[in-house]
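Participant: My structure is stored as coords_18.cif, with mmCIF, N, CA and C atoms.
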data_data
loop_
_atom_site.group_PDB
_atom_site.id
_atom_site.type_symbol
_atom_site.label_atom_id
_atom_site.label_comp_id
_atom_site.auth_asym_id
_atom_site.auth_seq_id
_atom_site.Cartn_x
_atom_site.Cartn_y
_atom_site.Cartn_z
ATOM 1 N N MET A 2 -59.894 124.071 -49.274
ATOM 2 C CA MET A 2 -60.907 124.670 -48.452
ATOM 3 C C MET A 2 -62.163 124.962 -49.265
ATOM 4 N N ILE A 3 -61.998 125.389 -50.487
ATOM 5 C CA ILE A 3 -63.148 125.657 -51.347
ATOM 6 C C ILE A 3 -63.914 124.370 -51.606
ATOM 7 N N LEU A 4 -63.205 123.289 -51.823
ATOM 8 C CA LEU A 4 -63.862 122.003 -52.046
ATOM 9 C C LEU A 4 -64.670 121.586 -50.827
ATOM 10 N N ALA A 5 -64.145 121.832 -49.642
ATOM 11 C CA ALA A 5 -64.877 121.498 -48.419
ATOM 12 C C ALA A 5 -66.169 122.300 -48.323
ATOM 13 N N CYS A 6 -66.140 123.561 -48.680
ATOM 14 C CA CYS A 6 -67.355 124.388 -48.662
ATOM 15 C C CYS A 6 -68.350 123.939 -49.714
ATOM 16 N N VAL A 7 -67.861 123.544 -50.865
ATOM 17 C CA VAL A 7 -68.737 123.082 -51.939
ATOM 18 C C VAL A 7 -69.453 121.801 -51.537
ATOM 19 N N VAL A 8 -68.814 120.963 -50.767
ATOM 20 C CA VAL A 8 -69.430 119.720 -50.299
ATOM 21 C C VAL A 8 -70.295 119.976 -49.066
ATOM 22 N N PHE A 9 -69.851 120.824 -48.180
ATOM 23 C CA PHE A 9 -70.528 121.056 -46.904
ATOM 24 C C PHE A 9 -71.842 121.816 -47.078
ATOM 25 N N TRP A 10 -71.874 122.824 -47.937
ATOM 26 C CA TRP A 10 -73.062 123.644 -48.145
ATOM 27 C C TRP A 10 -74.256 122.807 -48.605
ATOM 28 N N PRO A 11 -74.121 121.962 -49.631
ATOM 29 C CA PRO A 11 -75.278 121.150 -50.048
ATOM 30 C C PRO A 11 -75.699 120.106 -49.014
ATOM 31 N N TRP A 12 -74.867 119.805 -48.066
ATOM 32 C CA TRP A 12 -75.233 118.863 -47.012
ATOM 33 C C TRP A 12 -76.069 119.577 -45.940
ATOM 34 N N MET A 13 -75.711 120.818 -45.600
ATOM 35 C CA MET A 13 -76.394 121.554 -44.539
ATOM 36 C C MET A 13 -77.672 122.233 -45.012
ATOM 37 N N TYR A 14 -77.706 122.735 -46.232
ATOM 38 C CA TYR A 14 -78.891 123.467 -46.701
ATOM 39 C C TYR A 14 -80.152 122.593 -46.722
ATOM 40 N N PRO A 15 -80.119 121.384 -47.279
ATOM 41 C CA PRO A 15 -81.329 120.546 -47.223
ATOM 42 C C PRO A 15 -81.710 120.169 -45.792
ATOM 43 N N ASP A 16 -80.725 120.023 -44.937
ATOM 44 C CA ASP A 16 -81.040 119.737 -43.540
ATOM 45 C C ASP A 16 -81.785 120.910 -42.914
ATOM 46 N N MET A 17 -81.352 122.116 -43.213
ATOM 47 C CA MET A 17 -82.000 123.299 -42.673
ATOM 48 C C MET A 17 -83.427 123.429 -43.186
ATOM 49 N N THR A 18 -83.646 123.223 -44.472
ATOM 50 C CA THR A 18 -84.991 123.365 -45.023
ATOM 51 C C THR A 18 -85.923 122.268 -44.534
ATOM 52 N N GLY A 19 -85.403 121.116 -44.215
ATOM 53 C CA GLY A 19 -86.226 120.023 -43.730
ATOM 54 C C GLY A 19 -86.344 119.955 -42.223
ATOM 55 N N ASN A 20 -85.711 120.869 -41.511
ATOM 56 C CA ASN A 20 -85.741 120.873 -40.051
ATOM 57 C C ASN A 20 -87.067 121.456 -39.573
ATOM 58 N N ASP A 21 -87.952 120.605 -39.079
ATOM 59 C CA ASP A 21 -89.264 121.052 -38.625
ATOM 60 C C ASP A 21 -89.219 121.736 -37.259
ATOM 61 N N ASP A 22 -88.109 121.654 -36.553
ATOM 62 C CA ASP A 22 -87.981 122.308 -35.255
ATOM 63 C C ASP A 22 -87.726 123.806 -35.383
ATOM 64 N N LEU A 23 -87.291 124.252 -36.558
ATOM 65 C CA LEU A 23 -87.035 125.673 -36.770
ATOM 66 C C LEU A 23 -88.318 126.382 -37.177
ATOM 67 N N PRO A 24 -88.630 127.519 -36.558
ATOM 68 C CA PRO A 24 -89.786 128.302 -37.013
ATOM 69 C C PRO A 24 -89.513 128.899 -38.394
ATOM 70 N N ALA A 25 -90.571 129.314 -39.066
ATOM 71 C CA ALA A 25 -90.444 129.830 -40.437
ATOM 72 C C ALA A 25 -89.546 131.054 -40.503
ATOM 73 N N ASN A 26 -89.650 131.962 -39.540
ATOM 74 C CA ASN A 26 -88.801 133.159 -39.600
ATOM 75 C C ASN A 26 -87.325 132.815 -39.396
ATOM 76 N N ALA A 27 -87.031 131.786 -38.612
ATOM 77 C CA ALA A 27 -85.640 131.356 -38.442
ATOM 78 C C ALA A 27 -85.113 130.737 -39.735
ATOM 79 N N LYS A 28 -85.963 129.971 -40.425
ATOM 80 C CA LYS A 28 -85.548 129.396 -41.712
ATOM 81 C C LYS A 28 -85.249 130.499 -42.719
ATOM 82 N N ASP A 29 -86.059 131.560 -42.699
ATOM 83 C CA ASP A 29 -85.811 132.690 -43.609
ATOM 84 C C ASP A 29 -84.458 133.339 -43.321
ATOM 85 N N ARG A 30 -84.151 133.528 -42.042
ATOM 86 C CA ARG A 30 -82.859 134.124 -41.687
ATOM 87 C C ARG A 30 -81.692 133.212 -42.048
ATOM 88 N N TRP A 31 -81.840 131.917 -41.793
ATOM 89 C CA TRP A 31 -80.767 130.979 -42.151
ATOM 90 C C TRP A 31 -80.588 130.914 -43.663
ATOM 91 N N THR A 32 -81.698 130.948 -44.410
ATOM 92 C CA THR A 32 -81.602 130.916 -45.874
ATOM 93 C C THR A 32 -80.840 132.132 -46.378
ATOM 94 N N THR A 33 -81.144 133.303 -45.832
ATOM 95 C CA THR A 33 -80.424 134.518 -46.222
ATOM 96 C C THR A 33 -78.939 134.387 -45.907
ATOM 97 N N LEU A 34 -78.630 133.852 -44.733
ATOM 98 C CA LEU A 34 -77.227 133.657 -44.357
ATOM 99 C C LEU A 34 -76.541 132.660 -45.293
ATOM 100 N N PHE A 35 -77.238 131.579 -45.642
ATOM 101 C CA PHE A 35 -76.670 130.584 -46.557
ATOM 102 C C PHE A 35 -76.389 131.203 -47.921
ATOM 103 N N ILE A 36 -77.283 132.055 -48.400
ATOM 104 C CA ILE A 36 -77.113 132.647 -49.732
ATOM 105 C C ILE A 36 -75.951 133.641 -49.748
ATOM 106 N N PHE A 37 -75.889 134.517 -48.745
ATOM 107 C CA PHE A 37 -74.893 135.583 -48.767
ATOM 108 C C PHE A 37 -73.534 135.186 -48.205
ATOM 109 N N MET A 38 -73.499 134.173 -47.332
ATOM 110 C CA MET A 38 -72.229 133.807 -46.723
ATOM 111 C C MET A 38 -71.800 132.383 -47.064
ATOM 112 N N ASN A 39 -72.509 131.716 -47.928
ATOM 113 C CA ASN A 39 -72.223 130.383 -48.434
ATOM 114 C C ASN A 39 -71.631 129.421 -47.413
ATOM 115 N N GLY A 40 -70.386 129.073 -47.549
ATOM 116 C CA GLY A 40 -69.749 128.080 -46.691
ATOM 117 C C GLY A 40 -69.702 128.488 -45.231
ATOM 118 N N PHE A 41 -69.453 129.770 -44.968
ATOM 119 C CA PHE A 41 -69.409 130.246 -43.593
ATOM 120 C C PHE A 41 -70.790 130.133 -42.937
ATOM 121 N N GLY A 42 -71.851 130.413 -43.692
ATOM 122 C CA GLY A 42 -73.210 130.256 -43.178
ATOM 123 C C GLY A 42 -73.523 128.807 -42.861
ATOM 124 N N ALA A 43 -73.041 127.896 -43.686
ATOM 125 C CA ALA A 43 -73.245 126.465 -43.439
ATOM 126 C C ALA A 43 -72.499 126.017 -42.186
ATOM 127 N N ILE A 44 -71.322 126.542 -41.972
ATOM 128 C CA ILE A 44 -70.566 126.204 -40.764
ATOM 129 C C ILE A 44 -71.281 126.740 -39.526
ATOM 130 N N LEU A 45 -71.777 127.965 -39.594
ATOM 131 C CA LEU A 45 -72.522 128.528 -38.467
ATOM 132 C C LEU A 45 -73.769 127.712 -38.163
ATOM 133 N N TYR A 46 -74.481 127.301 -39.206
ATOM 134 C CA TYR A 46 -75.670 126.478 -39.002
ATOM 135 C C TYR A 46 -75.300 125.156 -38.347
ATOM 136 N N CYS A 47 -74.242 124.540 -38.796
ATOM 137 C CA CYS A 47 -73.807 123.259 -38.244
ATOM 138 C C CYS A 47 -73.482 123.393 -36.759
ATOM 139 N N VAL A 48 -72.764 124.436 -36.396
ATOM 140 C CA VAL A 48 -72.358 124.627 -35.003
ATOM 141 C C VAL A 48 -73.545 125.009 -34.120
ATOM 142 N N ASN A 49 -74.419 125.880 -34.603
ATOM 143 C CA ASN A 49 -75.494 126.416 -33.769
ATOM 144 C C ASN A 49 -76.764 125.587 -33.756
ATOM 145 N N VAL A 50 -77.066 124.850 -34.820
ATOM 146 C CA VAL A 50 -78.343 124.137 -34.886
ATOM 147 C C VAL A 50 -78.148 122.644 -35.071
ATOM 148 N N TYR A 51 -77.409 122.248 -36.078
ATOM 149 C CA TYR A 51 -77.290 120.829 -36.453
ATOM 150 C C TYR A 51 -76.702 119.984 -35.317
ATOM 151 N N ARG A 52 -75.632 120.429 -34.724
ATOM 152 C CA ARG A 52 -74.950 119.650 -33.682
ATOM 153 C C ARG A 52 -75.755 119.570 -32.394
ATOM 154 N N ARG A 53 -76.604 120.539 -32.130
ATOM 155 C CA ARG A 53 -77.417 120.544 -30.909
ATOM 156 C C ARG A 53 -78.553 119.536 -30.976
ATOM 157 N N ARG A 54 -78.934 119.131 -32.166
ATOM 158 C CA ARG A 54 -80.021 118.165 -32.300
ATOM 159 C C ARG A 54 -79.572 116.762 -31.956
ATOM 160 N N PHE A 55 -78.280 116.495 -32.028
ATOM 161 C CA PHE A 55 -77.794 115.131 -31.789
ATOM 162 C C PHE A 55 -77.066 115.005 -30.514
#
Would you mind giving the structure from this file in structure tokens?

Facilitator:
Amino acid sequence: MILACVVFWPWMYPDMTGNDDLPANAKDRWTTLFIFMNGFGAILYCVNVYRRRF
């Protein structure tokens, strides 16, 4: 499970920073979540933002 988080986090974080559809304040909140909750924050981002774009 740790290996999955180590791989998943670097995949979602660059996507979040490069997502032009997110306003700046939303990026700030997601960045804080990514820093403090690491893998869980990446999973939340994937479910709430990444999957809705496709």

Participant: Could you list as a list in words every residue that has an atom within 10 Å of (-80.2, 123.7, -43.7), using the file's coordinates and counting only C-alpha atoms?

Facilitator: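 Protein, DNA and RNA residues close to (-80.2, 123.7, -43.7): Trp10, Pro11, Trp12, Met13, Tyr14, Pro15, Asp16, Met17, Thr18, Gly19, Asn20, Leu23, Lys28, Trp31, Thr32, Phe35, Gly42, Ala43, Tyr46, Cys47, Val50 and Tyr51 of chain A.
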
Participant: Quick one, how far is atom C of Asn39 of chain A from atom C of Val7 of chain A?

Facilitator: 8.9 Å

Participant: In Å, with one decimal, what is the gap from atom N of Ala25 of chain A to atom CA of Leu45 of chain A?

Facilitator: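 Result for atom N of Ala25 of chain A versus atom CA of Leu45 of chain A: 18.1 Å, one decimal.
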
Participant: Between atom CA of Arg53 of chain A and atom CA of Asp22 of chain A, what is the distance in Å, rounded to a tenth?

Facilitator: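 Between atom CA of Arg53 of chain A and atom CA of Asp22 of chain A the gap is 11.6 Å.
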
Participant: To box segment 34-42 of chain A, take all atoms listed in the file, fit an axis-aligned box, add 5 Å on each side, and give centre and edge lengths in Å to one decimal, as lines of an AutoDock Vina configuration file.

Facilitator:
center_x = -74.0
center_y = 131.8
center_z = -46.3
size_x = 19.2
size_y = 17.5
size_z = 16.9

Participant: Among the residues of chain A, find those DSSP assigns to alpha helix (DSSP H) from the backbone and print them as number ranges by chain.

Facilitator: A: 3-19, 25-46, 52-54
